[in-house]
>>> print(open('final12.pdb').read())   # PDB, C-alpha atoms, pLDDT in the B column
ATOM      1  CA  MET U  20    -135.639-188.761 -60.242  1.00 47.00           C
ATOM      2  CA  LYS U  21    -133.833-187.682 -63.397  1.00 49.00           C
ATOM      3  CA  LYS U  22    -134.595-183.986 -62.673  1.00 50.00           C
ATOM      4  CA  ALA U  23    -133.306-184.365 -59.132  1.00 44.00           C
ATOM      5  CA  LEU U  24    -130.021-185.794 -60.450  1.00 40.00           C
ATOM      6  CA  VAL U  25    -129.674-182.936 -62.957  1.00 40.00           C
ATOM      7  CA  VAL U  26    -130.347-180.338 -60.237  1.00 39.00           C
ATOM      8  CA  LEU U  27    -127.858-182.091 -57.943  1.00 38.00           C
ATOM      9  CA  ALA U  28    -125.240-182.168 -60.719  1.00 41.00           C
ATOM     10  CA  VAL U  29    -125.707-178.459 -61.483  1.00 40.00           C
ATOM     11  CA  PHE U  30    -125.579-177.578 -57.767  1.00 39.00           C
ATOM     12  CA  SER U  31    -122.399-179.584 -57.273  1.00 39.00           C
ATOM     13  CA  GLN U  32    -120.797-177.752 -60.217  1.00 39.00           C
ATOM     14  CA  LEU U  33    -121.708-174.400 -58.692  1.00 38.00           C
ATOM     15  CA  VAL U  34    -120.209-175.448 -55.368  1.00 41.00           C
ATOM     16  CA  ALA U  35    -117.090-176.745 -57.122  1.00 39.00           C
ATOM     17  CA  CYS U  36    -116.613-173.360 -58.779  1.00 46.00           C
ATOM     18  CA  GLY U  37    -116.455-172.032 -55.284  1.00 52.00           C
ATOM     19  CA  GLY U  38    -117.910-169.052 -53.612  1.00 68.00           C
ATOM     20  CA  SER U  39    -116.011-166.667 -51.478  1.00 78.00           C
ATOM     21  CA  THR U  40    -116.271-166.295 -47.747  1.00 90.00           C
ATOM     22  CA  ASP U  41    -117.322-162.885 -46.462  1.00 95.00           C
ATOM     23  CA  VAL U  42    -113.915-161.520 -45.418  1.00 97.00           C
ATOM     24  CA  ALA U  43    -114.912-157.841 -45.099  1.00 97.00           C
ATOM     25  CA  GLY U  44    -114.500-156.181 -41.744  1.00 97.00           C
ATOM     26  CA  ASN U  45    -112.401-154.099 -39.401  1.00 98.00           C
ATOM     27  CA  TYR U  46    -109.691-156.399 -38.070  1.00 98.00           C
ATOM     28  CA  THR U  47    -107.198-155.787 -35.297  1.00 98.00           C
ATOM     29  CA  VAL U  48    -103.938-157.523 -36.165  1.00 98.00           C
ATOM     30  CA  ALA U  49    -100.785-158.631 -34.365  1.00 98.00           C
ATOM     31  CA  LEU U  50     -97.654-159.590 -36.284  1.00 97.00           C
ATOM     32  CA  THR U  51     -94.265-161.141 -35.675  1.00 98.00           C
ATOM     33  CA  ASN U  52     -91.112-160.548 -37.718  1.00 98.00           C
ATOM     34  CA  ARG U  53     -89.612-163.770 -39.051  1.00 98.00           C
ATOM     35  CA  GLU U  54     -86.639-164.235 -41.388  1.00 98.00           C
ATOM     36  CA  ASN U  55     -85.087-161.074 -42.819  1.00 97.00           C
ATOM     37  CA  GLY U  56     -83.915-162.347 -46.210  1.00 96.00           C
ATOM     38  CA  CYS U  57     -83.614-158.789 -47.578  1.00 94.00           C
ATOM     39  CA  ALA U  58     -81.365-157.620 -44.708  1.00 92.00           C
ATOM     40  CA  PHE U  59     -83.639-154.681 -43.855  1.00 91.00           C
ATOM     41  CA  THR U  60     -82.189-152.429 -41.189  1.00 89.00           C
ATOM     42  CA  ASP U  61     -84.107-152.258 -37.903  1.00 90.00           C
ATOM     43  CA  TRP U  62     -85.722-155.679 -38.583  1.00 95.00           C
ATOM     44  CA  GLU U  63     -85.472-157.812 -35.475  1.00 96.00           C
ATOM     45  CA  GLU U  64     -86.532-161.435 -35.867  1.00 97.00           C
ATOM     46  CA  GLY U  65     -89.138-162.356 -33.265  1.00 98.00           C
ATOM     47  CA  LYS U  66     -90.166-158.734 -32.644  1.00 97.00           C
ATOM     48  CA  THR U  67     -93.924-158.317 -32.361  1.00 97.00           C
ATOM     49  CA  SER U  68     -96.391-155.506 -32.979  1.00 97.00           C
ATOM     50  CA  SER U  69    -100.059-155.537 -32.051  1.00 97.00           C
ATOM     51  CA  GLY U  70    -103.206-153.440 -32.248  1.00 98.00           C
ATOM     52  CA  ILE U  71    -102.750-152.778 -35.976  1.00 98.00           C
ATOM     53  CA  PRO U  72    -106.019-151.756 -37.688  1.00 98.00           C
ATOM     54  CA  LEU U  73    -106.693-153.546 -40.988  1.00 98.00           C
ATOM     55  CA  ASP U  74    -109.902-152.643 -42.804  1.00 98.00           C
ATOM     56  CA  ILE U  75    -110.914-155.102 -45.512  1.00 98.00           C
ATOM     57  CA  THR U  76    -113.592-154.387 -48.096  1.00 98.00           C
ATOM     58  CA  GLN U  77    -114.889-156.951 -50.548  1.00 97.00           C
ATOM     59  CA  ASP U  78    -116.714-156.773 -53.866  1.00 97.00           C
ATOM     60  CA  GLY U  79    -117.314-160.333 -55.020  1.00 95.00           C
ATOM     61  CA  ASN U  80    -113.878-161.929 -55.168  1.00 96.00           C
ATOM     62  CA  HIS U  81    -112.034-158.560 -55.274  1.00 98.00           C
ATOM     63  CA  VAL U  82    -110.589-157.430 -51.951  1.00 98.00           C
ATOM     64  CA  THR U  83    -108.940-154.249 -50.683  1.00 98.00           C
ATOM     65  CA  ALA U  84    -107.100-154.124 -47.348  1.00 98.00           C
ATOM     66  CA  VAL U  85    -106.124-150.765 -45.841  1.00 98.00           C
ATOM     67  CA  VAL U  86    -103.532-150.756 -43.059  1.00 98.00           C
ATOM     68  CA  GLY U  87    -104.286-148.047 -40.529  1.00 98.00           C
ATOM     69  CA  GLY U  88    -102.694-146.440 -37.508  1.00 97.00           C
ATOM     70  CA  LEU U  89     -98.940-146.002 -37.150  1.00 97.00           C
ATOM     71  CA  ALA U  90     -98.363-149.156 -39.213  1.00 96.00           C
ATOM     72  CA  GLY U  91    -100.119-147.495 -42.163  1.00 97.00           C
ATOM     73  CA  VAL U  92     -97.990-144.356 -41.739  1.00 97.00           C
ATOM     74  CA  PHE U  93     -94.859-146.531 -41.603  1.00 96.00           C
ATOM     75  CA  LEU U  94     -95.842-148.347 -44.823  1.00 97.00           C
ATOM     76  CA  ASP U  95     -96.450-144.986 -46.523  1.00 97.00           C
ATOM     77  CA  LEU U  96     -92.973-143.814 -45.567  1.00 96.00           C
ATOM     78  CA  TRP U  97     -91.227-147.111 -46.362  1.00 95.00           C
ATOM     79  CA  LEU U  98     -93.137-148.414 -49.397  1.00 97.00           C
ATOM     80  CA  GLY U  99     -95.109-145.363 -50.518  1.00 97.00           C
ATOM     81  CA  GLU U 100     -98.505-146.977 -50.006  1.00 96.00           C
ATOM     82  CA  HIS U 101    -100.612-148.633 -47.293  1.00 98.00           C
ATOM     83  CA  THR U 102    -103.364-150.267 -49.378  1.00 98.00           C
ATOM     84  CA  TYR U 103    -103.236-153.866 -50.604  1.00 98.00           C
ATOM     85  CA  THR U 104    -105.442-155.163 -53.432  1.00 98.00           C
ATOM     86  CA  GLY U 105    -106.166-158.700 -54.519  1.00 98.00           C
ATOM     87  CA  THR U 106    -108.626-161.533 -54.500  1.00 97.00           C
ATOM     88  CA  VAL U 107    -110.390-163.965 -52.235  1.00 97.00           C
ATOM     89  CA  SER U 108    -111.136-167.526 -53.277  1.00 96.00           C
ATOM     90  CA  GLY U 109    -113.150-169.456 -50.739  1.00 95.00           C
ATOM     91  CA  SER U 110    -111.539-168.348 -47.482  1.00 96.00           C
ATOM     92  CA  HIS U 111    -108.085-167.698 -48.990  1.00 97.00           C
ATOM     93  CA  LEU U 112    -106.859-164.129 -49.612  1.00 97.00           C
ATOM     94  CA  GLU U 113    -103.983-163.074 -51.866  1.00 98.00           C
ATOM     95  CA  LEU U 114    -103.189-159.350 -51.777  1.00 98.00           C
ATOM     96  CA  THR U 115    -100.362-157.246 -53.173  1.00 98.00           C
ATOM     97  CA  LEU U 116     -98.974-153.807 -52.438  1.00 98.00           C
ATOM     98  CA  TYR U 117     -96.563-152.550 -55.108  1.00 98.00           C
ATOM     99  CA  GLY U 118     -93.973-150.242 -53.600  1.00 97.00           C
ATOM    100  CA  LYS U 119     -93.712-146.727 -55.007  1.00 97.00           C
ATOM    101  CA  ASN U 120     -90.789-145.253 -53.067  1.00 96.00           C
ATOM    102  CA  PRO U 121     -87.576-145.723 -55.064  1.00 96.00           C
ATOM    103  CA  LYS U 122     -84.476-146.698 -53.137  1.00 96.00           C
ATOM    104  CA  ALA U 123     -80.834-146.946 -54.205  1.00 95.00           C
ATOM    105  CA  GLN U 124     -77.832-149.072 -53.276  1.00 92.00           C
ATOM    106  CA  GLY U 125     -74.891-147.994 -55.422  1.00 95.00           C
ATOM    107  CA  ASN U 126     -76.102-148.322 -59.025  1.00 97.00           C
ATOM    108  CA  CYS U 127     -78.974-150.528 -57.920  1.00 96.00           C
ATOM    109  CA  THR U 128     -82.399-148.912 -57.851  1.00 97.00           C
ATOM    110  CA  TYR U 129     -85.358-150.763 -56.396  1.00 97.00           C
ATOM    111  CA  THR U 130     -88.719-150.619 -54.700  1.00 97.00           C
ATOM    112  CA  ILE U 131     -90.122-152.976 -52.082  1.00 97.00           C
ATOM    113  CA  ASN U 132     -93.277-154.957 -52.872  1.00 98.00           C
ATOM    114  CA  SER U 133     -95.375-156.703 -50.267  1.00 98.00           C
ATOM    115  CA  GLU U 134     -97.753-159.656 -50.520  1.00 98.00           C
ATOM    116  CA  ILE U 135    -100.283-161.003 -48.038  1.00 98.00           C
ATOM    117  CA  ASP U 136    -101.204-164.689 -48.110  1.00 98.00           C
ATOM    118  CA  ALA U 137    -103.986-165.326 -45.581  1.00 98.00           C
ATOM    119  CA  GLU U 138    -106.971-167.426 -44.532  1.00 98.00           C
ATOM    120  CA  VAL U 139    -110.182-166.355 -42.829  1.00 97.00           C
ATOM    121  CA  ASP U 140    -111.946-168.726 -40.459  1.00 96.00           C
ATOM    122  CA  GLY U 141    -115.050-167.120 -39.006  1.00 96.00           C
ATOM    123  CA  ASP U 142    -113.854-163.842 -37.506  1.00 97.00           C
ATOM    124  CA  ILE U 143    -110.174-164.863 -37.404  1.00 97.00           C
ATOM    125  CA  LEU U 144    -107.657-163.812 -40.057  1.00 98.00           C
ATOM    126  CA  GLN U 145    -104.181-165.336 -40.132  1.00 98.00           C
ATOM    127  CA  GLY U 146    -101.343-165.629 -42.570  1.00 98.00           C
ATOM    128  CA  GLU U 147     -98.026-164.268 -43.749  1.00 98.00           C
ATOM    129  CA  ILE U 148     -96.713-161.042 -45.239  1.00 98.00           C
ATOM    130  CA  PHE U 149     -93.781-161.240 -47.645  1.00 98.00           C
ATOM    131  CA  TYR U 150     -91.506-158.399 -48.739  1.00 98.00           C
ATOM    132  CA  THR U 151     -89.420-158.595 -51.916  1.00 98.00           C
ATOM    133  CA  ALA U 152     -87.262-156.122 -53.812  1.00 97.00           C
ATOM    134  CA  ALA U 153     -88.111-155.179 -57.408  1.00 97.00           C
ATOM    135  CA  THR U 154     -84.677-154.185 -58.733  1.00 96.00           C
ATOM    136  CA  ASN U 155     -83.156-152.847 -61.945  1.00 96.00           C
ATOM    137  CA  GLN U 156     -81.031-156.048 -62.017  1.00 95.00           C
ATOM    138  CA  ASN U 157     -77.773-154.113 -61.592  1.00 96.00           C
ATOM    139  CA  PRO U 158     -74.930-156.145 -60.018  1.00 95.00           C
ATOM    140  CA  ASP U 159     -74.896-153.616 -57.142  1.00 96.00           C
ATOM    141  CA  CYS U 160     -78.259-155.061 -56.076  1.00 94.00           C
ATOM    142  CA  GLY U 161     -76.458-158.117 -54.702  1.00 92.00           C
ATOM    143  CA  THR U 162     -78.701-160.138 -52.380  1.00 90.00           C
ATOM    144  CA  LEU U 163     -81.673-157.867 -53.051  1.00 94.00           C
ATOM    145  CA  GLN U 164     -82.128-159.645 -56.422  1.00 91.00           C
ATOM    146  CA  ASP U 165     -83.913-162.650 -54.920  1.00 91.00           C
ATOM    147  CA  CYS U 166     -84.509-161.599 -51.335  1.00 96.00           C
ATOM    148  CA  ARG U 167     -87.607-162.354 -49.308  1.00 97.00           C
ATOM    149  CA  SER U 168     -88.437-161.233 -45.781  1.00 98.00           C
ATOM    150  CA  ARG U 169     -91.440-162.612 -43.907  1.00 98.00           C
ATOM    151  CA  GLN U 170     -93.834-161.737 -41.104  1.00 98.00           C
ATOM    152  CA  GLN U 171     -96.595-163.881 -39.601  1.00 98.00           C
ATOM    153  CA  PHE U 172     -99.835-162.341 -38.400  1.00 98.00           C
ATOM    154  CA  ASN U 173    -103.225-163.036 -36.933  1.00 98.00           C
ATOM    155  CA  GLY U 174    -106.175-160.840 -36.220  1.00 98.00           C
ATOM    156  CA  THR U 175    -109.838-160.735 -35.350  1.00 98.00           C
ATOM    157  CA  ARG U 176    -112.879-158.731 -36.369  1.00 97.00           C
ATOM    158  CA  PRO U 177    -115.979-158.141 -34.284  1.00 96.00           C
ATOM    159  CA  PRO U 178    -118.663-160.783 -34.909  1.00 90.00           C
ATOM    160  CA  LYS U 179    -121.254-159.807 -37.521  1.00 80.00           C
TER
END
>>> encode(input="final12.pdb", output="C-alpha cells")
Amino acid sequence: MKKALVVLAVFSQLVACGGSTDVAGNYTVALTNRENGCAFTDWEEGKTSSGIPLDITQDGNHVTAVVGGLAGVFLDLWLGEHTYTGTVSGSHLELTLYGKNPKAQGNCTYTINSEIDAEVDGDILQGEIFYTAATNQNPDCGTLQDCRSRQQFNGTRPPK
C-alpha cells in the first residue's frame, strides 16, 4: 500500500508539472479585427479575413507558427517577418513576432511587434493577436507609446 501511495504521489507531481498538448498541424484560420488602439491606417473594426494558412510545429514546449498565403506576404511587408515563436503549456500557446521593419512618425522611430495568445482544444485553435509599437520613446510617438490593437481568430486543422 505504501508503494502505491508513493507511485501515486510521484504521478500526481508529474501531472501537476503539466505536459503539453500536441498543437502541431496545418491550420486554416479566420480572423476579425477588433479595437485599433494604435490607429493603424486601413484597419476596419469588424472586418474579417478567412482561409489563412497557419503551420505550427512543436518541439516539446517550443512552438513555431508560420503564417502563409497572402497574410504571410502582408506580414512580411508590414512587420518584416511572418514567423512567430514561443511556447505551449498544456493547451495554451504564447507566441511572439518581433517586427523588423522600422517606421517613422516625425522624430519617432518604431517597429510593430505582434503576440498570439491562444488555446487548442482538439483540432480547434482560437485566441487573440495583439499588435504593439516598440518606440524610441520620443514625444513624437504620441499614442504609439502604449498602443495596442487586437484581432480575434479561430481555426481548425485536419484530424490526426
>>> residues_near_point(input="final12.pdb", point="(-91.4, -151.3, -49.7)", cutoff="6 Å", atoms="all atoms listed in the file", output="list in words")
Trp97, Leu98, Gly118, Thr130, Ile131 and Asn132 of chain U
>>> residues_around(input="final12.pdb", residues="Thr104 of chain U", least_positions_apart="2", cutoff="6 Å", atoms="all atoms listed in the file", output="PDB file with C-alpha atoms, in the frame of the given file")
ATOM      1  CA  VAL U  82    -110.589-157.430 -51.951  1.00 98.00           C
ATOM      2  CA  THR U  83    -108.940-154.249 -50.683  1.00 98.00           C
ATOM      3  CA  LEU U 114    -103.189-159.350 -51.777  1.00 98.00           C
ATOM      4  CA  THR U 115    -100.362-157.246 -53.173  1.00 98.00           C
TER       5      THR U 115
END
>>> closest_residue(input="final12.pdb", among="U:Ala84, U:Thr51, U:Phe172, U:Leu112", to="Glu100 of chain U", atoms="all atoms listed in the file")
U:Ala84
>>> resolve_selection(input="final12.pdb", expression="the PyMOL selection byres ((chain U and resi 67) around 6)", output="list of chain:residue names")
U:Leu50, U:Thr51, U:Lys66, U:Ser68
>>> resolve_selection(input="final12.pdb", expression="the PyMOL selection byres ((chain U and resi 70) around 9)", output="compact mmCIF listing (two decimals) with C-alpha atoms, in the coordinates of the input")
# COMPACT_ATOMS: atom_id res chain seq x y z
CA THR U 47 -107.20 -155.79 -35.30
CA VAL U 48 -103.94 -157.52 -36.16
CA ALA U 49 -100.78 -158.63 -34.36
CA SER U 68 -96.39 -155.51 -32.98
CA SER U 69 -100.06 -155.54 -32.05
CA ILE U 71 -102.75 -152.78 -35.98
CA PRO U 72 -106.02 -151.76 -37.69
CA GLY U 88 -102.69 -146.44 -37.51
CA GLY U 174 -106.18 -160.84 -36.22
>>> atom_distance(input="final12.pdb", atom1="atom CA of Leu96 of chain U", atom2="atom CA of Ala137 of chain U")
24.2 Å
>>> atom_distance(input="final12.pdb", atom1="atom CA of Ile143 of chain U", atom2="atom CA of Pro177 of chain U")
9.4 Å
>>> atom_distance(input="final12.pdb", atom1="atom CA of Thr162 of chain U", atom2="atom CA of Val92 of chain U")
27.1 Å
>>> resolve_selection(input="final12.pdb", expression="the PyMOL selection byres ((chain U and resi 54) around 9)", output="ChimeraX atom specification")
/U:52-53,55-57,63-65,167-170
>>> axis_aligned_box(input="final12.pdb", around="segment 94-99 of chain U", padding_each_side="4 Å", output="JSON")
{"center_x": -93.8, "center_y": -146.1, "center_z": -47.7, "size_x": 13.2, "size_y": 12.6, "size_z": 13.7}
>>> residues_around(input="final12.pdb", residues="Asn45 of chain U", least_positions_apart="2", cutoff="9 Å", atoms="all atoms listed in the file", output="list in words")
Ala43, Thr47, Pro72, Leu73, Asp74, Ile75, Thr76, Thr175, Arg176 and Pro177 of chain U
>>> closest_residue(input="final12.pdb", among="U:Leu94, U:Val42, U:His111, U:Trp62", to="Gly79 of chain U", atoms="all atoms listed in the file")
U:Val42
>>> closest_residue(input="final12.pdb", among="U:Ala58, U:Ser133, U:Thr151, U:Asp41", to="Lys179 of chain U", atoms="all atoms listed in the file")
U:Asp41
>>> closest_residue(input="final12.pdb", among="U:Gly109, U:Asn155, U:Ser39, U:Val139", to="Gln124 of chain U", atoms="all atoms listed in the file")
U:Asn155
>>> residues_around(input="final12.pdb", residues="Gln156 of chain U", least_positions_apart="6", cutoff="9 Å", atoms="all atoms listed in the file", output="VMD selection string")
chain U and resid 127 to 129 164
>>> closest_residue(input="final12.pdb", among="U:Leu144, U:Cys160, U:Val86, U:Tyr150", to="Tyr117 of chain U", atoms="all atoms listed in the file")
U:Tyr150
>>> build_atoms(input="final12.pdb", residues="segment 146-160 of chain U", atoms="N, CA and C atoms", output="short mmCIF file (atom, residue, chain, number, x, y, z; two decimals), keeping the file's coordinate frame")
data_model
loop_
_atom_site.label_atom_id
_atom_site.label_comp_id
_atom_site.auth_asym_id
_atom_site.auth_seq_id
_atom_site.Cartn_x
_atom_site.Cartn_y
_atom_site.Cartn_z
N GLY U 146 -102.14 -165.36 -41.38
CA GLY U 146 -101.34 -165.63 -42.57
C GLY U 146 -99.95 -165.06 -42.47
N GLU U 147 -99.39 -164.75 -43.65
CA GLU U 147 -98.03 -164.27 -43.75
C GLU U 147 -97.97 -163.05 -44.67
N ILE U 148 -97.00 -162.19 -44.39
CA ILE U 148 -96.71 -161.04 -45.24
C ILE U 148 -95.29 -161.22 -45.74
N PHE U 149 -95.10 -161.10 -47.04
CA PHE U 149 -93.78 -161.24 -47.64
C PHE U 149 -93.37 -159.90 -48.25
N TYR U 150 -92.08 -159.61 -48.15
CA TYR U 150 -91.51 -158.40 -48.74
C TYR U 150 -90.40 -158.83 -49.69
N THR U 151 -90.44 -158.30 -50.92
CA THR U 151 -89.42 -158.60 -51.92
C THR U 151 -88.98 -157.30 -52.58
N ALA U 152 -87.77 -157.30 -53.13
CA ALA U 152 -87.26 -156.12 -53.81
C ALA U 152 -87.47 -156.28 -55.31
N ALA U 153 -88.00 -155.24 -55.95
CA ALA U 153 -88.11 -155.18 -57.41
C ALA U 153 -86.95 -154.29 -57.86
N THR U 154 -85.92 -154.91 -58.43
CA THR U 154 -84.68 -154.18 -58.73
C THR U 154 -84.51 -153.92 -60.23
N ASN U 155 -83.52 -153.09 -60.55
CA ASN U 155 -83.16 -152.85 -61.94
C ASN U 155 -82.15 -153.89 -62.45
N GLN U 156 -81.90 -154.92 -61.67
CA GLN U 156 -81.03 -156.05 -62.02
C GLN U 156 -79.55 -155.66 -62.12
N ASN U 157 -79.16 -154.52 -61.59
CA ASN U 157 -77.77 -154.11 -61.59
C ASN U 157 -76.99 -155.00 -60.63
N PRO U 158 -75.73 -155.33 -60.94
CA PRO U 158 -74.93 -156.15 -60.02
C PRO U 158 -74.82 -155.56 -58.61
N ASP U 159 -74.95 -154.23 -58.47
CA ASP U 159 -74.90 -153.62 -57.14
C ASP U 159 -76.07 -154.04 -56.26
N CYS U 160 -77.10 -154.63 -56.86
CA CYS U 160 -78.26 -155.06 -56.08
C CYS U 160 -77.92 -156.24 -55.17
#
